[in-house]
file upload.tsv (TSV, C-alpha atoms and all ligand atoms)
chain	number	residue	atom	x	y	z
A	523	MET	CA	72.71	109.27	90.69
A	524	PHE	CA	72.46	109.09	86.91
A	525	ARG	CA	68.94	110.49	87.03
A	526	ARG	CA	69.95	113.25	89.45
A	527	ILE	CA	72.79	114.32	87.18
A	528	TYR	CA	71.26	113.93	83.72
A	529	GLY	CA	67.50	114.06	84.42
A	530	THR	CA	66.75	110.77	82.62
A	531	TYR	CA	67.32	107.07	83.23
A	532	PRO	CA	70.32	105.20	81.83
A	533	GLU	CA	69.81	102.57	79.14
A	534	GLY	CA	71.98	100.13	81.05
A	535	ILE	CA	74.73	99.61	83.62
A	536	TRP	CA	78.05	97.91	82.96
A	537	ALA	CA	80.71	96.67	85.39
A	538	ALA	CA	84.43	96.04	84.95
A	539	PRO	CA	86.74	94.79	87.72
A	540	GLY	CA	90.12	95.83	88.98
A	541	ARG	CA	92.81	93.16	88.98
A	542	VAL	CA	95.60	91.64	91.02
A	543	ASN	CA	98.43	90.33	88.94
A	544	LEU	CA	99.64	87.09	90.55
A	545	ILE	CA	102.89	86.97	88.58
A	546	GLY	CA	104.27	88.36	85.30
A	547	GLU	CA	105.05	92.03	86.04
A	548	HIS	CA	106.46	94.38	83.38
A	549	THR	CA	106.36	91.49	80.94
A	550	ASP	CA	103.35	92.62	78.89
A	551	TYR	CA	105.17	95.27	76.85
A	552	ASN	CA	107.98	92.76	76.31
A	553	ASP	CA	105.61	90.44	74.41
A	554	GLY	CA	105.71	88.10	77.43
A	555	PHE	CA	103.37	86.33	79.82
A	556	ALA	CA	101.26	87.29	82.82
A	557	LEU	CA	98.81	85.69	85.23
A	558	PRO	CA	96.28	88.17	86.65
A	559	ILE	CA	92.96	87.61	88.39
A	560	ALA	CA	90.00	89.99	88.40
A	561	ILE	CA	89.01	91.13	91.89
A	562	PRO	CA	85.51	91.72	93.27
A	563	GLN	CA	86.14	95.50	93.41
A	564	HIS	CA	84.80	97.01	90.20
A	565	THR	CA	83.83	100.14	88.33
A	566	LEU	CA	80.24	100.75	87.26
A	567	VAL	CA	79.19	102.84	84.29
A	568	ALA	CA	75.57	103.86	83.80
A	569	ALA	CA	75.10	105.05	80.24
A	570	ARG	CA	72.61	106.54	77.80
A	571	ARG	CA	73.18	107.36	74.14
A	572	ARG	CA	72.92	110.97	72.93
A	573	GLN	CA	72.03	112.11	69.41
A	574	ASP	CA	73.88	115.46	69.44
A	575	GLY	CA	77.50	114.27	69.30
A	576	ARG	CA	78.27	115.24	72.89
A	577	LEU	CA	79.99	113.07	75.48
A	578	ARG	CA	79.11	113.97	79.05
A	579	LEU	CA	81.04	112.34	81.89
A	580	HIS	CA	80.58	112.35	85.63
A	581	SER	CA	82.28	110.27	88.31
A	582	ALA	CA	81.41	109.81	91.96
A	583	GLN	CA	85.17	109.74	92.53
A	584	GLY	CA	86.17	112.56	90.19
A	585	ASP	CA	86.13	115.95	91.85
A	586	GLY	CA	84.24	118.48	89.84
A	587	PRO	CA	81.22	118.92	87.60
A	588	VAL	CA	80.14	117.02	84.53
A	589	ALA	CA	82.73	117.08	81.75
A	590	ASP	CA	80.97	118.05	78.52
A	591	LEU	CA	82.96	117.15	75.41
A	592	ASP	CA	82.35	117.38	71.68
A	593	LEU	CA	82.97	114.04	69.93
A	594	ALA	CA	84.20	115.84	66.81
A	595	ARG	CA	86.94	117.56	68.83
A	596	LEU	CA	88.32	114.61	70.76
A	597	THR	CA	92.06	114.69	70.16
A	598	PRO	CA	94.91	113.60	72.46
A	599	GLY	CA	95.91	116.41	74.80
A	600	VAL	CA	92.54	118.19	75.00
A	601	VAL	CA	91.40	116.36	78.14
A	602	THR	CA	93.88	116.38	81.00
A	603	THR	CA	91.73	115.24	83.95
A	604	TRP	CA	90.45	111.77	84.92
A	605	ALA	CA	87.96	112.21	82.05
A	606	ALA	CA	90.81	111.39	79.64
A	607	TYR	CA	90.35	107.68	80.44
A	608	PRO	CA	86.67	107.36	79.44
A	609	ALA	CA	86.95	110.00	76.69
A	610	GLY	CA	90.01	108.12	75.39
A	611	VAL	CA	87.92	105.00	74.88
A	612	VAL	CA	85.43	106.91	72.76
A	613	TRP	CA	88.34	108.48	70.83
A	614	ALA	CA	89.89	105.04	70.25
A	615	LEU	CA	86.57	103.70	68.92
A	616	LEU	CA	86.24	106.66	66.54
A	617	GLU	CA	89.88	106.32	65.46
A	618	ALA	CA	89.25	102.64	64.66
A	619	GLY	CA	86.39	103.71	62.38
A	620	HIS	CA	83.43	102.56	64.48
A	621	ARG	CA	80.16	104.35	63.89
A	622	ILE	CA	79.27	105.72	67.29
A	623	GLY	CA	77.60	108.80	68.71
A	624	GLY	CA	77.64	110.60	72.02
A	625	ALA	CA	76.55	109.47	75.46
A	626	ASP	CA	75.89	110.49	79.02
A	627	LEU	CA	77.96	108.42	81.46
A	628	HIS	CA	77.97	108.28	85.22
A	629	ILE	CA	80.78	106.34	86.87
A	630	ASP	CA	81.12	104.90	90.36
A	631	SER	CA	83.82	102.55	91.58
A	632	THR	CA	84.98	100.42	94.50
A	633	VAL	CA	88.48	100.00	93.01
A	634	PRO	CA	90.91	102.21	94.94
A	635	THR	CA	92.65	104.57	92.48
A	636	GLY	CA	96.42	104.63	92.06
A	637	ALA	CA	96.74	101.56	94.30
A	638	GLY	CA	98.16	99.23	91.66
A	639	LEU	CA	94.80	97.46	91.28
A	640	SER	CA	94.12	98.96	87.89
A	641	SER	CA	91.25	101.35	88.46
A	642	SER	CA	92.21	102.95	85.12
A	643	ALA	CA	91.64	99.74	83.14
A	644	ALA	CA	88.41	99.06	85.06
A	645	LEU	CA	87.14	102.50	84.06
A	646	GLU	CA	88.20	102.11	80.42
A	647	CYS	CA	86.77	98.61	80.08
A	648	ALA	CA	83.42	99.53	81.66
A	649	VAL	CA	83.09	102.36	79.14
A	650	ALA	CA	84.23	100.18	76.23
A	651	PHE	CA	81.71	97.44	77.12
A	652	ALA	CA	78.93	100.04	77.49
A	653	TYR	CA	79.68	101.54	74.06
A	654	ASN	CA	79.96	98.09	72.49
A	655	ASP	CA	76.44	97.18	73.60
A	656	LEU	CA	74.78	100.58	73.16
A	657	TYR	CA	76.07	101.02	69.62
A	658	GLY	CA	75.87	97.33	68.65
A	659	LEU	CA	79.55	97.11	67.70
A	660	GLY	CA	79.84	93.35	68.22
A	661	LEU	CA	83.45	93.54	69.45
A	662	SER	CA	84.95	90.69	71.51
A	663	PRO	CA	86.27	91.21	75.07
A	664	PRO	CA	89.94	91.03	73.93
A	665	ALA	CA	89.26	93.53	71.13
A	666	LEU	CA	87.62	95.89	73.62
A	667	ALA	CA	90.60	95.46	75.94
A	668	LEU	CA	93.01	96.49	73.19
A	669	LEU	CA	90.90	99.57	72.41
A	670	ALA	CA	91.00	100.42	76.12
A	671	GLN	CA	94.80	100.10	76.09
A	672	ARG	CA	94.91	102.31	72.98
A	673	ALA	CA	92.90	104.89	74.95
A	674	GLU	CA	95.37	104.83	77.83
A	675	ASN	CA	98.44	104.96	75.55
A	676	GLY	CA	97.22	107.37	72.91
A	677	PHE	CA	94.81	109.63	74.78
A	678	ALA	CA	95.68	109.53	78.50
A	679	GLY	CA	99.41	109.38	77.66
A	680	VAL	CA	100.34	106.36	79.78
A	681	PRO	CA	102.59	103.88	77.90
A	682	CYS	CA	101.18	100.77	79.62
A	683	GLY	CA	101.07	97.26	78.16
A	684	ALA	CA	97.78	95.42	77.65
A	685	MET	CA	97.75	93.22	80.75
A	686	ASP	CA	95.47	95.37	82.90
A	687	GLN	CA	92.80	95.81	80.24
A	688	LEU	CA	92.89	92.14	79.19
A	689	ALA	CA	92.50	91.12	82.84
A	690	SER	CA	89.52	93.42	83.37
A	691	ALA	CA	87.86	92.36	80.11
A	692	CYS	CA	88.61	88.62	79.93
A	693	CYS	CA	88.94	87.18	83.45
A	694	THR	CA	86.36	84.72	84.73
A	695	ASP	CA	85.14	83.87	88.19
A	696	GLY	CA	87.28	81.20	89.90
A	697	ALA	CA	90.20	81.37	87.47
A	698	ALA	CA	93.44	83.17	86.79
A	699	LEU	CA	94.03	84.42	83.26
A	700	HIS	CA	97.17	83.05	81.58
A	701	LEU	CA	98.09	85.72	79.05
A	702	ASP	CA	100.47	85.39	76.12
A	703	LEU	CA	100.81	89.00	75.06
A	704	ARG	CA	102.56	88.27	71.77
A	705	ALA	CA	100.10	85.69	70.54
A	706	GLY	CA	97.22	87.77	71.86
A	707	ALA	CA	96.05	84.51	73.41
A	708	HIS	CA	94.65	83.78	76.82
A	709	GLU	CA	93.44	80.75	78.73
A	710	GLN	CA	91.59	80.39	82.00
A	711	VAL	CA	93.50	78.50	84.69
A	712	PRO	CA	91.20	77.31	87.49
A	713	PHE	CA	92.26	78.97	90.73
A	714	ALA	CA	90.24	78.74	93.92
A	715	PRO	CA	92.64	79.19	96.87
A	716	GLN	CA	89.79	79.11	99.39
A	717	THR	CA	88.91	75.52	98.48
A	718	GLN	CA	92.40	74.51	99.65
A	719	GLY	CA	92.17	76.50	102.89
A	720	MET	CA	94.16	79.41	101.51
A	721	SER	CA	93.46	83.07	101.11
A	722	LEU	CA	94.76	85.98	99.05
A	723	LEU	CA	95.14	89.18	101.01
A	724	VAL	CA	95.69	92.56	99.35
A	725	VAL	CA	97.58	95.21	101.28
A	726	ASP	CA	97.25	98.71	99.86
A	727	THR	CA	100.35	100.52	101.10
A	728	ARG	CA	98.65	103.89	100.36
A	729	VAL	CA	101.80	104.92	98.53
A	730	LYS	CA	100.40	106.40	95.33
A	731	HIS	CA	102.29	105.44	92.26
A	732	ASP	CA	102.04	107.66	89.23
A	733	LEU	CA	102.57	105.75	86.01
A	734	GLY	CA	102.62	109.00	84.08
A	735	ASP	CA	105.71	110.27	85.90
A	736	GLY	CA	108.20	108.95	83.40
A	737	ALA	CA	109.76	106.12	85.42
A	738	TYR	CA	107.53	103.53	83.77
A	739	ALA	CA	108.32	104.90	80.32
A	740	ALA	CA	112.04	104.78	81.11
A	741	LEU	CA	111.84	101.12	82.15
A	742	ARG	CA	109.88	100.27	79.05
A	743	SER	CA	112.35	101.97	76.74
A	744	GLY	CA	115.26	100.31	78.59
A	745	CYS	CA	113.73	96.92	77.84
A	746	GLU	CA	113.14	97.86	74.21
A	747	GLN	CA	116.71	99.10	73.86
A	748	ALA	CA	118.03	95.84	75.34
A	749	ALA	CA	115.99	93.83	72.84
A	750	ARG	CA	117.37	95.92	69.96
A	751	GLU	CA	120.95	95.50	71.14
A	752	LEU	CA	120.42	91.74	71.29
A	753	GLY	CA	118.89	91.70	67.83
A	754	LEU	CA	115.54	90.47	69.15
A	755	THR	CA	111.99	91.61	68.44
A	756	ALA	CA	111.29	91.70	72.18
A	757	LEU	CA	112.80	90.37	75.42
A	758	ARG	CA	110.25	87.59	75.23
A	759	ASP	CA	112.59	85.97	72.71
A	760	LEU	CA	115.40	85.55	75.24
A	761	THR	CA	115.44	82.20	77.04
A	762	PRO	CA	117.06	81.57	80.46
A	763	ALA	CA	119.79	79.62	78.61
A	764	ASP	CA	120.61	82.75	76.54
A	765	LEU	CA	120.91	84.92	79.61
A	766	PRO	CA	124.66	84.46	80.39
A	767	ARG	CA	125.60	85.45	76.82
A	768	ALA	CA	123.27	88.44	76.90
A	769	VAL	CA	124.76	89.60	80.20
A	770	LYS	CA	128.22	89.72	78.58
A	771	THR	CA	127.15	91.79	75.58
A	772	LEU	CA	124.74	94.32	77.11
A	773	PRO	CA	125.55	97.66	78.76
A	774	ALA	CA	125.64	97.06	82.53
A	775	HIS	CA	122.57	99.16	83.34
A	776	LEU	CA	120.35	97.05	81.06
A	777	VAL	CA	121.39	93.68	82.50
A	778	PRO	CA	119.12	93.69	85.57
A	779	LEU	CA	116.12	94.74	83.46
A	780	VAL	CA	116.69	91.83	81.10
A	781	ARG	CA	117.27	89.40	83.96
A	782	HIS	CA	113.96	90.39	85.54
A	783	VAL	CA	111.95	89.95	82.35
A	784	VAL	CA	113.49	86.58	81.48
A	785	THR	CA	113.15	85.10	84.97
A	786	GLU	CA	109.66	86.59	85.37
A	787	ASN	CA	108.39	84.90	82.20
A	788	GLY	CA	109.78	81.66	83.65
A	789	ARG	CA	107.90	82.26	86.89
A	790	VAL	CA	104.61	82.65	85.01
A	791	ALA	CA	105.13	79.28	83.32
A	792	LYS	CA	106.00	77.64	86.64
A	793	ALA	CA	102.99	79.19	88.39
A	794	VAL	CA	100.62	78.00	85.65
A	795	SER	CA	101.90	74.43	85.84
A	796	HIS	CA	101.52	74.39	89.64
A	797	LEU	CA	97.97	75.72	89.42
A	798	ARG	CA	97.10	73.22	86.69
A	799	ALA	CA	98.36	70.47	89.02
A	800	GLY	CA	96.25	71.90	91.86
A	801	HIS	CA	99.29	72.95	93.93
A	802	VAL	CA	98.12	76.35	95.13
A	803	ALA	CA	100.66	76.55	97.98
A	804	ALA	CA	103.52	76.18	95.46
A	805	LEU	CA	102.57	79.62	94.16
A	806	GLY	CA	103.91	81.15	97.39
A	807	PRO	CA	107.69	80.95	96.74
A	808	ILE	CA	107.11	82.09	93.14
A	809	LEU	CA	105.43	85.27	94.38
A	810	THR	CA	108.28	85.95	96.80
A	811	GLU	CA	110.95	85.36	94.12
A	812	GLY	CA	109.04	87.70	91.82
A	813	HIS	CA	109.11	90.37	94.50
A	814	ALA	CA	112.87	90.01	94.99
A	815	SER	CA	113.34	90.40	91.25
A	816	LEU	CA	111.25	93.59	91.13
A	817	ARG	CA	113.02	94.96	94.20
A	818	ASP	CA	116.61	94.09	93.30
A	819	ASP	CA	116.69	93.94	89.49
A	820	PHE	CA	113.87	96.19	88.28
A	821	ARG	CA	114.18	98.42	91.38
A	822	ILE	CA	110.56	99.49	91.46
A	823	SER	CA	109.57	98.43	94.95
A	824	CYS	CA	109.56	100.82	97.91
A	825	ALA	CA	110.19	100.58	101.65
A	826	GLU	CA	106.47	100.20	102.44
A	827	SER	CA	105.95	97.31	99.97
A	828	ASP	CA	109.12	95.59	101.18
A	829	LEU	CA	107.91	95.91	104.78
A	830	VAL	CA	104.60	94.24	103.91
A	831	VAL	CA	106.36	91.36	102.14
A	832	ASP	CA	108.95	90.81	104.89
A	833	THR	CA	106.39	91.08	107.70
A	834	ALA	CA	103.92	88.74	105.99
A	835	LEU	CA	106.62	86.12	105.40
A	836	ALA	CA	107.89	86.43	108.97
A	837	HIS	CA	104.35	85.69	110.17
A	838	GLY	CA	103.84	82.56	108.16
A	839	ALA	CA	102.58	83.71	104.78
A	840	LEU	CA	103.33	81.31	101.92
A	841	GLY	CA	104.47	84.12	99.65
A	842	ALA	CA	104.03	87.81	98.92
A	843	ARG	CA	104.87	90.35	96.24
A	844	MET	CA	104.14	93.86	95.12
A	845	THR	CA	101.60	93.82	92.30
A	846	GLY	CA	101.09	96.37	89.55
A	847	GLY	CA	103.46	98.82	87.91
A	848	GLY	CA	105.47	99.55	91.05
A	849	PHE	CA	106.62	102.57	93.10
A	850	GLY	CA	104.00	101.87	95.77
A	851	GLY	CA	100.51	100.52	95.29
A	852	SER	CA	99.53	97.14	96.65
A	853	VAL	CA	101.08	93.90	97.82
A	854	VAL	CA	99.39	90.52	97.35
A	855	VAL	CA	99.91	87.94	100.07
A	856	LEU	CA	99.12	84.22	99.82
A	857	ALA	CA	98.54	82.63	103.22
A	858	GLU	CA	96.79	79.73	104.85
A	859	GLU	CA	93.40	80.81	106.15
A	860	GLY	CA	94.55	80.30	109.74
A	861	ARG	CA	97.48	82.70	109.28
A	862	VAL	CA	95.63	85.61	107.71
A	863	GLU	CA	94.66	87.31	110.98
A	864	ALA	CA	98.24	87.13	112.30
A	865	VAL	CA	99.59	88.58	109.04
A	866	ARG	CA	96.99	91.32	109.05
A	867	LEU	CA	97.81	92.31	112.62
A	868	ALA	CA	101.57	92.12	112.10
A	869	VAL	CA	101.47	94.31	108.97
A	870	THR	CA	99.27	96.92	110.65
A	871	THR	CA	101.55	96.97	113.70
A	872	ALA	CA	104.72	97.19	111.60
A	873	PHE	CA	103.29	100.13	109.63
A	874	ARG	CA	102.38	101.96	112.82
A	875	ALA	CA	105.87	101.35	114.27
A	876	ALA	CA	107.48	102.65	111.07
A	877	GLY	CA	105.29	105.77	111.09
A	878	TYR	CA	103.64	104.85	107.78
A	879	GLN	CA	100.02	105.58	106.88
A	880	GLU	CA	97.53	102.93	107.97
A	881	PRO	CA	97.44	100.34	105.14
A	882	GLY	CA	94.22	99.05	103.56
A	883	LEU	CA	93.85	95.28	103.98
A	884	PHE	CA	91.22	93.14	102.29
A	885	PRO	CA	90.86	89.56	101.08
A	886	VAL	CA	90.25	88.96	97.37
A	887	SER	CA	89.22	85.94	95.35
A	888	PRO	CA	89.20	85.50	91.57
A	889	ALA	CA	86.12	87.32	90.26
A	890	ALA	CA	84.33	87.83	86.94
A	891	GLY	CA	85.50	90.13	84.15
A	892	ALA	CA	83.62	93.02	82.54
A	893	ARG	CA	79.92	92.54	81.81
A	894	ARG	CA	76.54	94.21	81.51
A	895	ILE	CA	74.69	94.04	84.82
A	896	MET	CA	71.43	95.87	83.97
B	1	LIG	P1	95.59	102.36	88.88
B	1	LIG	O1	95.11	101.98	87.54
B	1	LIG	O2	96.62	101.45	89.43
B	1	LIG	O3	94.49	102.57	89.87
B	1	LIG	P2	96.38	104.69	87.41
B	1	LIG	O4	97.27	105.84	87.75
B	1	LIG	O5	96.68	103.90	86.23
B	1	LIG	O6	96.31	103.78	88.73
B	1	LIG	O7	94.89	105.21	87.26
B	1	LIG	C1	94.30	106.01	88.26
B	1	LIG	C2	93.59	107.17	87.62
B	1	LIG	O8	92.45	106.69	86.86
B	1	LIG	C3	93.00	108.14	88.61
B	1	LIG	O9	93.95	109.11	89.01
B	1	LIG	C4	91.87	108.77	87.80
B	1	LIG	O10	92.36	109.75	86.94
B	1	LIG	C5	91.39	107.60	86.95
B	1	LIG	N1	90.25	106.90	87.58
B	1	LIG	C6	90.19	105.59	87.91
B	1	LIG	N2	88.99	105.27	88.43
B	1	LIG	C7	88.27	106.41	88.44
B	1	LIG	C8	86.93	106.75	88.86
B	1	LIG	N3	86.11	105.85	89.41
B	1	LIG	N4	86.53	108.02	88.69
B	1	LIG	C9	87.36	108.95	88.16
B	1	LIG	N5	88.60	108.69	87.76
B	1	LIG	C10	89.07	107.45	87.88
B	2	MG	MG	96.29	101.94	85.77
call {"tool": "encode", "arguments": {"input": "upload.tsv", "output": "structure tokens"}}
result
Amino acid sequence: MFRRIYGTYPEGIWAAPGRVNLIGEHTDYNDGFALPIAIPQHTLVAARRRQDGRLRLHSAQGDGPVADLDLARLTPGVVTTWAAYPAGVVWALLEAGHRIGGADLHIDSTVPTGAGLSSSAALECAVAFAYNDLYGLGLSPPALALLAQRAENGFAGVPCGAMDQLASACCTDGAALHLDLRAGAHEQVPFAPQTQGMSLLVVDTRVKHDLGDGAYAALRSGCEQAARELGLTALRDLTPADLPRAVKTLPAHLVPLVRHVVTENGRVAKAVSHLRAGHVAALGPILTEGHASLRDDFRISCAESDLVVDTALAHGALGARMTGGGFGGSVVVLAEEGRVEAVRLAVTTAFRAAGYQEPGLFPVSPAAGARRIM
């Protein structure tokens, strides 16, 4: 495809995965903790440097012709299509003072878009890794992830935290990534559910979330306001023991937001200690509690996601929760291998009975992070 579009061969091909966050939702921008895995679905970028300062972008998933941009004129607001994500990465590199030139990029992906599996971070990270190698920048995976986040915040206009990009850049095969967003630290926690007869199933509800629609920004600023009112740098600094006092002093509408963030950080810690002890099944109830917190306190679930969770649990799943920013997207289900078919069938049947769109169902296992593949 690259040769058909640009008439030459690429210098290389890079891959970056989507992610499923196991637990730790809406905690990243609160300086908290998260526990994502990379999934086998990934975005590929074929790339070739250009000497004339132009950035040309084409995607097998983007409708339309090649976007042809001038590096010298990359400023936030000038690109309003999907091309803002890859162009934003180049902008972020320039803004950080890196000496880079133009490129031709062709993109193709197996990560469903807008499904809560972070196709945006996969796209950004694939481009960031390509530029890092092509222009010999020598940046580390976490540094590239933060540039990718900067692209999404500053150029694509989505006020996301860094969890998605860190997951895509830093995850490793057979492990979950324990992130401490304040320390900028991460550690690999071995996680291989299949070796204990368990399976992770992703259910794409087909309800498209739109992180740019303002709801995400409102939640984020609610959390930041709560931290300010409590005299804290971020909600990360509130412990479960502090919660009753905080509840008394905060405006009522901020209380559930704070309760979610505090209990969610606790769930990440619990999940990590279970995985470290090899107790994969113990993750189940933590997922389900996390879902209840997102549904009842953060209020970002939807009827379709709730139906998946309830149906999966009723058919023997160990746990289930919506994953990603919310308002639709995907649900992750942990189940014993022998239960997966029953869950799959029950969810499909329940969706049909409710008149919902046919969901997408596929198993995932912890996969590798971003890398050069050719
Ligand atoms: P998510 O990251 O959960 O998939 P987002 O709304 O954050 O959802 O990002 C989805 C957007 O990212 C798409 O609407 C599109 O603009 C862009 N995108 C992601 N992958 C691709 C791709 N392969 N080709 C073109 N655009 C893409
Ligand atoms: Mg995204």
call {"tool": "residues_near_point", "arguments": {"input": "upload.tsv", "point": "(97.0, 99.1, 74.0)", "cutoff": "6 Å", "atoms": "only C-alpha atoms", "output": "list of chain:residue names"}}
result
A:Leu668, A:Gln671, A:Arg672, A:Ala684
call {"tool": "write_last_selection", "arguments": {"input": "upload.tsv", "atoms": "C-alpha atoms", "output": "PDB file, in the frame of the given file"}}
result
ATOM      1  CA  LEU A 668      93.010  96.490  73.190  1.00  0.00           C
ATOM      2  CA  GLN A 671      94.800 100.100  76.090  1.00  0.00           C
ATOM      3  CA  ARG A 672      94.910 102.310  72.980  1.00  0.00           C
ATOM      4  CA  ALA A 684      97.780  95.420  77.650  1.00  0.00           C
TER       5      ALA A 684
END
call {"tool": "closest_residue", "arguments": {"input": "upload.tsv", "among": "A:Val794, A:Val633, A:Ala609, A:Val802", "to": "Leu699 in chain A", "atoms": "only C-alpha atoms"}}
result
A:Val794
call {"tool": "residues_around", "arguments": {"input": "upload.tsv", "residues": "range 775-784 of chain A", "least_positions_apart": "3", "cutoff": "10 Å", "atoms": "all atoms listed in the file", "output": "ChimeraX atom specification"}}
result
/A:546-550,552,554-555,741-742,744-749,757-766,768-772,787-789,812,814-821
call {"tool": "residues_around", "arguments": {"input": "upload.tsv", "residues": "Met844 in chain A", "least_positions_apart": "5", "cutoff": "8 Å", "atoms": "all atoms listed in the file", "output": "number ranges by chain"}}
result
A: 813, 823, 827, 831, 851-854
call {"tool": "write_last_selection", "arguments": {"input": "upload.tsv", "atoms": "C-alpha atoms", "output": "PDB file, keeping the file's coordinate frame"}}
result
ATOM      1  CA  HIS A 813     109.110  90.370  94.500  1.00  0.00           C
ATOM      2  CA  SER A 823     109.570  98.430  94.950  1.00  0.00           C
ATOM      3  CA  SER A 827     105.950  97.310  99.970  1.00  0.00           C
ATOM      4  CA  VAL A 831     106.360  91.360 102.140  1.00  0.00           C
ATOM      5  CA  GLY A 851     100.510 100.520  95.290  1.00  0.00           C
ATOM      6  CA  SER A 852      99.530  97.140  96.650  1.00  0.00           C
ATOM      7  CA  VAL A 853     101.080  93.900  97.820  1.00  0.00           C
ATOM      8  CA  VAL A 854      99.390  90.520  97.350  1.00  0.00           C
TER       9      VAL A 854
END
call {"tool": "residues_around", "arguments": {"input": "upload.tsv", "residues": "Glu617 in chain A", "least_positions_apart": "2", "cutoff": "12 Å", "atoms": "all atoms listed in the file", "output": "mmCIF file with C-alpha atoms, in the frame of the given file"}}
result
data_model
loop_
_atom_site.group_PDB
_atom_site.id
_atom_site.type_symbol
_atom_site.label_atom_id
_atom_site.label_comp_id
_atom_site.auth_asym_id
_atom_site.auth_seq_id
_atom_site.Cartn_x
_atom_site.Cartn_y
_atom_site.Cartn_z
ATOM 1 C CA LEU A 593 82.970 114.040 69.930
ATOM 2 C CA ALA A 594 84.200 115.840 66.810
ATOM 3 C CA LEU A 596 88.320 114.610 70.760
ATOM 4 C CA THR A 597 92.060 114.690 70.160
ATOM 5 C CA PRO A 598 94.910 113.600 72.460
ATOM 6 C CA GLY A 610 90.010 108.120 75.390
ATOM 7 C CA VAL A 611 87.920 105.000 74.880
ATOM 8 C CA VAL A 612 85.430 106.910 72.760
ATOM 9 C CA TRP A 613 88.340 108.480 70.830
ATOM 10 C CA ALA A 614 89.890 105.040 70.250
ATOM 11 C CA LEU A 615 86.570 103.700 68.920
ATOM 12 C CA GLY A 619 86.390 103.710 62.380
ATOM 13 C CA HIS A 620 83.430 102.560 64.480
ATOM 14 C CA ARG A 621 80.160 104.350 63.890
ATOM 15 C CA ILE A 622 79.270 105.720 67.290
ATOM 16 C CA LEU A 669 90.900 99.570 72.410
ATOM 17 C CA ARG A 672 94.910 102.310 72.980
ATOM 18 C CA ALA A 673 92.900 104.890 74.950
ATOM 19 C CA GLY A 676 97.220 107.370 72.910
ATOM 20 C CA PHE A 677 94.810 109.630 74.780
#
call {"tool": "closest_residue", "arguments": {"input": "upload.tsv", "among": "A:Pro881, A:Ala689, A:Tyr531, A:Ala836", "to": "Val729 in chain A", "atoms": "all atoms listed in the file"}}
result
A:Pro881
call {"tool": "residues_near_ligand", "arguments": {"input": "upload.tsv", "ligand": "ligand LIG 1 (chain B)", "cutoff": "9 Å", "atoms": "all atoms listed in the file", "output": "ChimeraX atom specification"}}
result
/A:540,564-566,580-585,603-608,629-646,674,680,682,686,730-734,846-847,851-852
call {"tool": "closest_residue", "arguments": {"input": "upload.tsv", "among": "A:Gly800, A:Pro539, A:Pro532, A:Gly683", "to": "Ala890 in chain A", "atoms": "only C-alpha atoms"}}
result
A:Pro539
call {"tool": "atom_distance", "arguments": {"input": "upload.tsv", "atom1": "CA of Met720 in chain A", "atom2": "CA of Arg861 in chain A"}}
result
9.1 Å
call {"tool": "closest_residue", "arguments": {"input": "upload.tsv", "among": "A:Ala857, A:Val542, A:Ala892, A:Leu656", "to": "ligand MG 2 (chain B)", "atoms": "all atoms listed in the file"}}
result
A:Val542
call {"tool": "closest_residue", "arguments": {"input": "upload.tsv", "among": "A:Val567, A:Ala670, A:Val725, A:Leu661", "to": "ligand MG 2 (chain B)", "atoms": "all atoms listed in the file"}}
result
A:Ala670
call {"tool": "atom_distance", "arguments": {"input": "upload.tsv", "atom1": "CA of Met523 in chain A", "atom2": "CA of Thr602 in chain A"}}
result
24.3 Å
call {"tool": "closest_residue", "arguments": {"input": "upload.tsv", "among": "A:Pro681, A:Gly850, A:Gly660, A:Pro562", "to": "Gly891 in chain A", "atoms": "all atoms listed in the file"}}
result
A:Pro562
call {"tool": "atom_distance", "arguments": {"input": "upload.tsv", "atom1": "CA of Asp726 in chain A", "atom2": "CA of Val869 in chain A"}}
result
11.0 Å
call {"tool": "residues_around", "arguments": {"input": "upload.tsv", "residues": "Ile808 in chain A", "least_positions_apart": "2", "cutoff": "8 Å", "atoms": "only C-alpha atoms", "output": "VMD selection string"}}
result
chain A and resid 545 789 792 to 793 804 to 806 810 to 812 841
call {"tool": "write_last_selection", "arguments": {"input": "upload.tsv", "atoms": "C-alpha atoms", "output": "PDB file, keeping the file's coordinate frame"}}
result
ATOM      1  CA  ILE A 545     102.890  86.970  88.580  1.00  0.00           C
ATOM      2  CA  ARG A 789     107.900  82.260  86.890  1.00  0.00           C
ATOM      3  CA  LYS A 792     106.000  77.640  86.640  1.00  0.00           C
ATOM      4  CA  ALA A 793     102.990  79.190  88.390  1.00  0.00           C
ATOM      5  CA  ALA A 804     103.520  76.180  95.460  1.00  0.00           C
ATOM      6  CA  LEU A 805     102.570  79.620  94.160  1.00  0.00           C
ATOM      7  CA  GLY A 806     103.910  81.150  97.390  1.00  0.00           C
ATOM      8  CA  THR A 810     108.280  85.950  96.800  1.00  0.00           C
ATOM      9  CA  GLU A 811     110.950  85.360  94.120  1.00  0.00           C
ATOM     10  CA  GLY A 812     109.040  87.700  91.820  1.00  0.00           C
ATOM     11  CA  GLY A 841     104.470  84.120  99.650  1.00  0.00           C
TER      12      GLY A 841
END
call {"tool": "axis_aligned_box", "arguments": {"input": "upload.tsv", "around": "range 723-742 of chain A", "padding_each_side": "5 Å", "output": "JSON"}}
result
{"center_x": 103.6, "center_y": 99.7, "center_z": 90.2, "size_x": 26.9, "size_y": 31.1, "size_z": 32.2}
